[in-house]
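Source file: my_file_26.cif. Holds: mmCIF, C-alpha atoms.
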data_entry
loop_
_atom_site.label_atom_id
_atom_site.label_comp_id
_atom_site.auth_asym_id
_atom_site.auth_seq_id
_atom_site.Cartn_x
_atom_site.Cartn_y
_atom_site.Cartn_z
CA MET A 1 4.75 17.70 6.91
CA LYS A 2 1.60 17.36 4.84
CA PHE A 3 -0.22 14.25 3.62
CA GLY A 4 -2.55 14.02 0.64
CA VAL A 5 -5.17 11.29 0.16
CA ILE A 6 -6.46 10.78 -3.38
CA ILE A 7 -10.19 10.39 -4.03
CA PHE A 8 -11.21 8.35 -7.08
CA PRO A 9 -14.79 7.46 -8.03
CA GLY A 10 -15.23 4.25 -6.02
CA SER A 11 -12.60 4.94 -3.34
CA ASN A 12 -13.97 3.74 -0.01
CA CYS A 13 -10.96 3.80 2.30
CA ASP A 14 -10.00 7.42 1.63
CA HIS A 15 -11.73 8.77 4.74
CA ASP A 16 -10.18 5.98 6.85
CA ALA A 17 -6.69 6.99 5.73
CA PHE A 18 -7.52 10.70 6.22
CA TRP A 19 -8.77 10.03 9.77
CA THR A 20 -5.66 8.01 10.69
CA VAL A 21 -3.28 10.71 9.48
CA GLN A 22 -5.24 13.53 11.12
CA GLN A 23 -6.44 11.94 14.37
CA VAL A 24 -3.82 9.27 15.08
CA ALA A 25 -0.60 10.51 13.46
CA ARG A 26 -1.65 14.12 14.17
CA GLN A 27 -0.42 15.45 10.83
CA PRO A 28 -1.91 17.95 8.35
CA VAL A 29 -3.79 16.15 5.59
CA THR A 30 -5.89 17.09 2.59
CA PHE A 31 -7.92 15.26 -0.03
CA LEU A 32 -6.63 15.23 -3.63
CA TRP A 33 -9.23 15.00 -6.40
CA HIS A 34 -8.60 12.50 -9.20
CA GLU A 35 -9.30 15.07 -11.94
CA SER A 36 -6.78 17.58 -10.60
CA HIS A 37 -3.05 17.72 -11.37
CA ASP A 38 -2.43 19.71 -8.17
CA LEU A 39 -0.83 17.73 -5.33
CA GLN A 40 -1.12 20.82 -3.09
CA ASN A 41 2.52 20.72 -1.97
CA CYS A 42 2.04 17.43 -0.12
CA ASP A 43 5.07 15.59 1.23
CA VAL A 44 3.36 12.18 1.18
CA VAL A 45 0.64 10.97 -1.21
CA ILE A 46 -1.62 8.09 -0.19
CA VAL A 47 -3.38 6.12 -2.93
CA PRO A 48 -6.15 4.52 -0.86
CA GLY A 49 -8.12 1.31 -1.03
CA GLY A 50 -11.53 0.85 -2.61
CA PHE A 51 -12.80 0.15 -6.09
CA ALA A 52 -11.47 3.00 -8.25
CA TYR A 53 -13.75 3.43 -11.26
CA GLY A 54 -15.69 0.37 -10.10
CA ASP A 55 -12.73 -1.95 -10.92
CA TYR A 56 -14.04 -2.07 -14.48
CA LEU A 57 -11.72 -3.64 -17.08
CA ARG A 58 -9.13 -4.53 -14.42
CA THR A 59 -8.30 -3.20 -10.96
CA GLY A 60 -6.49 0.11 -11.30
CA ALA A 61 -6.56 0.00 -15.10
CA ILE A 62 -8.68 3.13 -15.50
CA ALA A 63 -7.35 5.03 -12.49
CA ARG A 64 -3.85 5.01 -13.99
CA PHE A 65 -5.05 7.44 -16.68
CA SER A 66 -6.47 10.00 -14.24
CA PRO A 67 -4.81 13.46 -14.19
CA VAL A 68 -3.75 13.10 -10.56
CA MET A 69 -1.70 9.95 -11.34
CA GLU A 70 0.27 11.86 -13.97
CA SER A 71 1.31 14.23 -11.17
CA VAL A 72 1.98 11.33 -8.79
CA ARG A 73 4.36 9.76 -11.33
CA LYS A 74 6.33 13.00 -11.55
CA PHE A 75 6.23 13.38 -7.77
CA ALA A 76 7.59 9.86 -7.27
CA ALA A 77 10.27 10.37 -9.94
CA GLY A 78 11.50 13.32 -7.89
CA GLY A 79 11.74 11.21 -4.74
CA GLY A 80 8.31 12.02 -3.28
CA LEU A 81 6.84 9.50 -0.85
CA VAL A 82 3.88 7.49 -2.19
CA LEU A 83 1.93 4.86 -0.24
CA GLY A 84 -0.52 2.64 -2.14
CA ILE A 85 -2.88 0.56 0.00
CA CYS A 86 -4.84 -2.39 -1.48
CA ASN A 87 -6.52 -0.88 -4.57
CA GLY A 88 -3.81 1.78 -4.32
CA PHE A 89 -1.17 -0.95 -4.72
CA GLN A 90 -3.01 -2.20 -7.79
CA ILE A 91 -3.09 1.34 -9.22
CA LEU A 92 0.65 1.82 -8.60
CA CYS A 93 1.40 -1.40 -10.50
CA GLU A 94 -0.89 -0.39 -13.39
CA SER A 95 0.77 3.04 -13.45
CA GLY A 96 4.25 1.56 -13.75
CA LEU A 97 5.37 2.96 -10.40
CA LEU A 98 5.85 -0.58 -9.10
CA PRO A 99 6.58 -3.79 -11.05
CA GLY A 100 4.32 -6.80 -11.35
CA ALA A 101 0.56 -7.19 -11.15
CA LEU A 102 -2.19 -8.16 -8.70
CA MET A 103 -4.34 -11.04 -9.93
CA ARG A 104 -7.47 -12.75 -8.61
CA ASN A 105 -7.02 -14.52 -5.30
CA VAL A 106 -6.46 -18.26 -5.44
CA GLY A 107 -9.92 -19.68 -4.76
CA LEU A 108 -11.49 -16.67 -6.52
CA LYS A 109 -13.06 -15.37 -3.31
CA TYR A 110 -12.96 -12.03 -1.56
CA VAL A 111 -10.87 -12.39 1.61
CA CYS A 112 -11.34 -10.07 4.58
CA LYS A 113 -9.52 -10.86 7.84
CA PRO A 114 -6.49 -9.91 9.93
CA VAL A 115 -3.26 -11.46 8.64
CA HIS A 116 0.33 -11.61 9.88
CA LEU A 117 3.06 -9.77 8.00
CA ARG A 118 6.77 -10.30 8.41
CA VAL A 119 8.83 -7.17 7.90
CA GLU A 120 11.44 -8.02 5.26
CA ASN A 121 12.92 -4.54 4.90
CA ALA A 122 12.99 -2.10 7.84
CA GLY A 123 15.16 0.33 5.90
CA THR A 124 12.38 2.19 4.10
CA PRO A 125 10.61 5.44 5.09
CA PHE A 126 7.48 3.32 5.61
CA THR A 127 9.01 0.73 7.96
CA GLN A 128 11.80 2.44 9.86
CA ALA A 129 9.83 2.20 13.12
CA CYS A 130 9.95 -1.60 12.69
CA ARG A 131 12.78 -4.10 12.91
CA HIS A 132 13.66 -6.69 10.32
CA GLY A 133 11.73 -9.85 11.11
CA ASP A 134 9.01 -8.14 13.15
CA VAL A 135 5.58 -9.71 12.65
CA LEU A 136 2.72 -7.23 12.37
CA THR A 137 -1.00 -8.01 12.46
CA ILE A 138 -2.87 -5.95 9.85
CA PRO A 139 -6.19 -6.74 8.08
CA ILE A 140 -6.70 -7.45 4.41
CA GLY A 141 -9.88 -7.02 2.36
CA HIS A 142 -9.44 -7.85 -1.32
CA MET A 143 -10.38 -10.02 -4.27
CA GLU A 144 -7.27 -9.33 -6.38
CA GLY A 145 -4.30 -9.51 -4.01
CA ASN A 146 -2.39 -12.33 -5.65
CA TYR A 147 0.94 -10.67 -6.49
CA PHE A 148 2.65 -11.96 -9.62
CA CYS A 149 5.67 -11.02 -11.70
CA ASP A 150 8.04 -12.80 -14.06
CA GLU A 151 11.32 -14.40 -13.00
CA SER A 152 13.51 -11.46 -14.06
CA ILE A 153 11.46 -8.97 -12.01
CA LEU A 154 11.39 -11.38 -9.06
CA ALA A 155 15.18 -11.63 -9.22
CA GLN A 156 15.42 -7.83 -9.19
CA LEU A 157 13.06 -7.59 -6.23
CA ARG A 158 15.21 -10.06 -4.30
CA GLN A 159 18.51 -8.47 -5.31
CA ASN A 160 17.40 -4.92 -4.46
CA ASN A 161 15.62 -5.95 -1.24
CA GLN A 162 12.35 -4.50 -2.57
CA VAL A 163 10.06 -7.02 -0.88
CA VAL A 164 8.95 -5.12 2.23
CA PHE A 165 6.26 -7.44 3.67
CA ARG A 166 5.49 -11.14 3.38
CA TYR A 167 2.49 -13.05 4.70
CA SER A 168 3.63 -15.27 7.56
CA THR A 169 2.53 -17.23 10.59
CA PRO A 170 2.40 -15.38 13.94
CA GLU A 171 5.89 -16.79 14.57
CA GLY A 172 7.20 -15.37 11.29
CA GLN A 173 7.29 -18.59 9.28
CA LEU A 174 6.54 -18.33 5.56
CA THR A 175 4.06 -21.13 4.87
CA PRO A 176 1.47 -21.75 2.15
CA GLU A 177 -1.22 -21.75 4.86
CA ALA A 178 -0.23 -18.22 5.93
CA ASN A 179 -0.68 -16.96 2.37
CA PRO A 180 -4.29 -15.72 2.03
CA ASN A 181 -4.36 -15.15 -1.73
CA GLY A 182 -1.70 -17.29 -3.46
CA SER A 183 0.70 -14.38 -3.81
CA LEU A 184 4.13 -15.23 -5.27
CA GLU A 185 6.61 -16.02 -2.45
CA ASN A 186 4.02 -14.78 0.09
CA ILE A 187 4.61 -11.18 -1.07
CA ALA A 188 2.30 -8.69 0.65
CA GLY A 189 4.10 -5.44 -0.14
CA ILE A 190 6.95 -4.13 -2.29
CA CYS A 191 8.78 -0.85 -2.74
CA SER A 192 10.44 0.95 -5.62
CA PRO A 193 14.23 0.74 -6.10
CA GLY A 194 14.50 4.21 -4.54
CA ARG A 195 12.46 3.07 -1.49
CA ASN A 196 10.11 6.08 -1.84
CA VAL A 197 7.10 4.20 -3.27
CA LEU A 198 5.42 1.40 -1.30
CA GLY A 199 2.49 -0.77 -2.33
CA MET A 200 0.89 -3.10 0.21
CA MET A 201 -2.32 -5.14 0.11
CA PRO A 202 -3.07 -5.06 3.88
CA HIS A 203 -4.80 -1.96 5.32
CA PRO A 204 -2.66 -0.29 8.03
CA GLU A 205 -5.32 2.41 8.53
CA ARG A 206 -7.74 -0.28 9.73
CA PHE A 207 -5.47 -1.33 12.62
CA SER A 208 -4.13 1.99 13.89
CA GLU A 209 -6.32 2.40 16.97
CA ALA A 210 -7.02 0.00 19.83
CA GLN A 211 -10.78 0.45 19.34
CA LEU A 212 -10.40 -1.19 15.91
CA GLY A 213 -8.77 -4.30 17.37
CA GLY A 214 -5.08 -3.55 16.91
CA THR A 215 -2.49 -0.82 16.49
CA ASP A 216 0.26 -2.43 14.38
CA GLY A 217 -0.82 -0.43 11.32
CA CYS A 218 0.21 2.71 13.14
CA MET A 219 3.85 1.69 12.62
CA ILE A 220 3.58 2.62 8.94
CA PHE A 221 2.34 6.13 9.68
CA GLN A 222 4.79 6.62 12.57
CA SER A 223 7.62 5.59 10.24
CA LEU A 224 6.56 8.17 7.62
CA VAL A 225 6.35 10.97 10.20
CA ALA A 226 9.80 10.08 11.54
CA ALA A 227 11.25 9.82 8.02
CA MET A 228 10.01 13.29 7.11
CA ALA A 229 11.20 14.76 10.42
CA HIS A 230 14.75 13.64 9.63
CA SER A 231 14.74 14.54 5.93
#
Rewrite the coordinates I just gave you, this time as structure tokens.
Amino acid sequence: MKFGVIIFPGSNCDHDAFWTVQQVARQPVTFLWHESHDLQNCDVVIVPGGFAYGDYLRTGAIARFSPVMESVRKFAAGGGLVLGICNGFQILCESGLLPGALMRNVGLKYVCKPVHLRVENAGTPFTQACRHGDVLTIPIGHMEGNYFCDESILAQLRQNNQVVFRYSTPEGQLTPEANPNGSLENIAGICSPGRNVLGMMPHPERFSEAQLGGTDGCMIFQSLVAAMAHS
């Protein structure tokens, strides 16, 4: 199984994701350049966090037009696994691979801290190492993490069980206080109808080793490895 991590101008979590795949998940991984259409036969593509193209215009708005994203759209349409983390989630929404949009945080401040996530769907390739209702501790670091969509899309997300993570208390309660950015219905991560594309605002690569303060993020990478092993 082979992972690919995209590098955009302004990416700053690409090496973190690369390290986690290579050193923690122990899987082959390569960098994918934003100007190239070649996904190098990767089985999983990670769209990492950072500030692609400086977040000019709107987060992810320029990155969506890069040659590599054209290939990622085709890859995803064919069932390929795509993980968008933070800015990567924003890019996936801008690219039409996931519905909705990420707006400025309520309070208009950058928020960087560990948060609690309740697993709403353990039946995806990204969460199969978890159980429904598990509460994971994973850090966030964003200014535009406030997920929003219209009522019809929200109804579809609910009906298709596409909400994968919600911000919660340590006990798994969904409260306004547990929501760090004002996100609709405490949504922290969603997947595509086919379950092969996941966007999440928290950074699992930042909590995948004990030295970093926690290992819950490792569950995402372990899930992907297991999913590919059984495919």
Next item on the list: Mind giving me the straight-line distance from atom CA of Asp216 of chain A to atom CA of Val135 of chain A in Å, one decimal?
Entry: 9.2 Å
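For Phe75 of chain A, the residues within 12 Å (counting only C-alpha atoms, excluding itself and residues fewer than 3 positions away along the chain) are A:His37, A:Asp38, A:Leu39, A:Gln40, A:Asn41, A:Cys42, A:Asp43, A:Val44, A:Val45, A:Val68, A:Met69, A:Glu70, A:Ser71, A:Val72, A:Gly78, A:Gly79, A:Gly80, A:Leu81, A:Val82, A:Leu97, A:Asn196, A:Val197.
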Next item on the list: Name the residues captured by the PyMOL selection byres ((chain A and resi 146) around 8) when it is applied to the shown file; answer as a ChimeraX atom specification.
Entry: /A:102-106,144-145,147-148,181-184
Next item on the list: Name all residues at most 9 Å from Tyr53 of chain A (count only C-alpha atoms; drop same-chain ones fewer than 6 positions away) and give them as a ChimeraX atom specification.
Entry: /A:8-11,59-63
Next item on the list: Report as a ChimeraX atom specification the full result of the PyMOL selection byres ((chain A and resi 220) around 9) when it is applied to this structure.
Entry: /A:125-130,204-205,216-219,221-225
Next item on the list: List the residues selected by the PyMOL selection byres ((chain A and resi 191) around 10) in the file shown, writing them as a list in words.
Entry: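 Applying the PyMOL selection byres ((chain A and resi 191) around 10) to the structure shown produces Val82, Leu83, Gly84, Leu97, Leu98, Pro99, Asn121, Thr124, Phe126, Leu157, Asn160, Asn161, Gln162, Val163, Val164, Phe165, Gly189, Ile190, Ser192, Pro193, Gly194, Arg195, Asn196, Val197, Leu198, Gly199 and Met200 of chain A.
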Notebook entry, point to check: So which one's closest to Cys149 of chain A, A:Pro48, A:Gly133, A:Gly100, A:Gly107? Using all atoms listed in the file, please.
Noted result: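 Nearest candidate to Cys149 of chain A out of A:Pro48, A:Gly133, A:Gly100, A:Gly107: A:Gly100.
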I'd like the contact shell of Ile140 of chain A - 6 Å cut-off, all atoms listed in the file, skipping same-chain residues fewer than 5 positions apart - returned as an mmCIF file with C-alpha atoms, keeping the file's coordinate frame.
data_model
loop_
_atom_site.group_PDB
_atom_site.id
_atom_site.type_symbol
_atom_site.label_atom_id
_atom_site.label_comp_id
_atom_site.auth_asym_id
_atom_site.auth_seq_id
_atom_site.Cartn_x
_atom_site.Cartn_y
_atom_site.Cartn_z
ATOM 1 C CA CYS A 112 -11.340 -10.070 4.580
ATOM 2 C CA LYS A 113 -9.520 -10.860 7.840
ATOM 3 C CA PRO A 202 -3.070 -5.060 3.880
ATOM 4 C CA HIS A 203 -4.800 -1.960 5.320
#
Checklist line | Residues near Glu171 of chain A, cut-off 10 Å, all atoms listed in the file, skip fewer than 3 positions along chain, as a count of residues only | finding: 7
Fix up segment 185-218 of chain A with N, CA and C atoms, then write it as a CSV table (one decimal), in the coordinates of the input.
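Generated output (out-v4.csv):
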chain,number,residue,atom,x,y,z
A,185,GLU,N,5.7,-16.1,-3.6
A,185,GLU,CA,6.6,-16.0,-2.4
A,185,GLU,C,6.0,-15.3,-1.2
A,186,ASN,N,4.7,-15.4,-1.1
A,186,ASN,CA,4.0,-14.8,0.1
A,186,ASN,C,4.2,-13.3,0.1
A,187,ILE,N,4.4,-12.6,-1.0
A,187,ILE,CA,4.6,-11.2,-1.1
A,187,ILE,C,3.3,-10.4,-0.7
A,188,ALA,N,3.4,-9.5,0.2
A,188,ALA,CA,2.3,-8.7,0.6
A,188,ALA,C,2.5,-7.2,0.4
A,189,GLY,N,3.8,-6.8,0.1
A,189,GLY,CA,4.1,-5.4,-0.1
A,189,GLY,C,5.5,-5.3,-0.7
A,190,ILE,N,5.6,-4.4,-1.7
A,190,ILE,CA,7.0,-4.1,-2.3
A,190,ILE,C,7.2,-2.6,-2.4
A,191,CYS,N,8.4,-2.3,-2.6
A,191,CYS,CA,8.8,-0.8,-2.7
A,191,CYS,C,9.5,-0.7,-4.0
A,192,SER,N,9.7,0.6,-4.4
A,192,SER,CA,10.4,1.0,-5.6
A,192,SER,C,11.9,0.8,-5.3
A,193,PRO,N,12.8,0.8,-6.4
A,193,PRO,CA,14.2,0.7,-6.1
A,193,PRO,C,14.7,1.9,-5.2
A,194,GLY,N,14.1,3.1,-5.3
A,194,GLY,CA,14.5,4.2,-4.5
A,194,GLY,C,13.9,4.2,-3.2
A,195,ARG,N,13.1,3.2,-2.8
A,195,ARG,CA,12.5,3.1,-1.5
A,195,ARG,C,11.4,4.1,-1.2
A,196,ASN,N,11.1,5.0,-2.1
A,196,ASN,CA,10.1,6.1,-1.8
A,196,ASN,C,8.7,5.8,-2.2
A,197,VAL,N,8.5,4.6,-2.9
A,197,VAL,CA,7.1,4.2,-3.3
A,197,VAL,C,6.9,2.8,-2.7
A,198,LEU,N,5.8,2.7,-1.9
A,198,LEU,CA,5.4,1.4,-1.3
A,198,LEU,C,4.0,1.0,-1.7
A,199,GLY,N,3.8,-0.2,-2.1
A,199,GLY,CA,2.5,-0.8,-2.3
A,199,GLY,C,2.3,-1.9,-1.4
A,200,MET,N,1.2,-2.0,-0.7
A,200,MET,CA,0.9,-3.1,0.2
A,200,MET,C,-0.6,-3.4,0.1
A,201,MET,N,-0.9,-4.7,0.2
A,201,MET,CA,-2.3,-5.1,0.1
A,201,MET,C,-3.0,-5.0,1.5
A,202,PRO,N,-2.4,-5.3,2.6
A,202,PRO,CA,-3.1,-5.1,3.9
A,202,PRO,C,-3.3,-3.6,4.2
A,203,HIS,N,-4.3,-3.3,5.0
A,203,HIS,CA,-4.8,-2.0,5.3
A,203,HIS,C,-4.3,-1.5,6.7
A,204,PRO,N,-3.2,-0.7,6.7
A,204,PRO,CA,-2.7,-0.3,8.0
A,204,PRO,C,-3.6,0.7,8.7
A,205,GLU,N,-4.4,1.4,7.9
A,205,GLU,CA,-5.3,2.4,8.5
A,205,GLU,C,-6.4,1.7,9.3
A,206,ARG,N,-6.7,0.4,9.0
A,206,ARG,CA,-7.7,-0.3,9.7
A,206,ARG,C,-7.3,-0.9,11.1
A,207,PHE,N,-6.0,-0.8,11.3
A,207,PHE,CA,-5.5,-1.3,12.6
A,207,PHE,C,-4.5,-0.3,13.2
A,208,SER,N,-5.0,0.9,13.3
A,208,SER,CA,-4.1,2.0,13.9
A,208,SER,C,-4.7,2.5,15.2
A,209,GLU,N,-5.8,2.0,15.7
A,209,GLU,CA,-6.3,2.4,17.0
A,209,GLU,C,-6.8,1.2,17.7
A,210,ALA,N,-6.6,1.2,19.0
A,210,ALA,CA,-7.0,0.0,19.8
A,210,ALA,C,-8.5,-0.3,19.7
A,211,GLN,N,-9.3,0.7,19.5
A,211,GLN,CA,-10.8,0.4,19.3
A,211,GLN,C,-11.1,-0.4,18.1
A,212,LEU,N,-10.2,-0.4,17.1
A,212,LEU,CA,-10.4,-1.2,15.9
A,212,LEU,C,-9.9,-2.6,16.0
A,213,GLY,N,-9.2,-2.9,17.2
A,213,GLY,CA,-8.8,-4.3,17.4
A,213,GLY,C,-7.3,-4.5,17.4
A,214,GLY,N,-6.5,-3.4,16.9
A,214,GLY,CA,-5.1,-3.6,16.9
A,214,GLY,C,-4.5,-2.2,16.5
A,215,THR,N,-3.2,-2.1,16.8
A,215,THR,CA,-2.5,-0.8,16.5
A,215,THR,C,-1.2,-1.0,15.6
A,216,ASP,N,-1.0,-2.2,15.1
A,216,ASP,CA,0.3,-2.4,14.4
A,216,ASP,C,0.3,-1.6,13.1
A,217,GLY,N,-0.8,-1.3,12.5
A,217,GLY,CA,-0.8,-0.4,11.3
A,217,GLY,C,-0.2,0.9,11.6
A,218,CYS,N,-0.3,1.4,12.8
A,218,CYS,CA,0.2,2.7,13.1
A,218,CYS,C,1.7,2.8,12.9
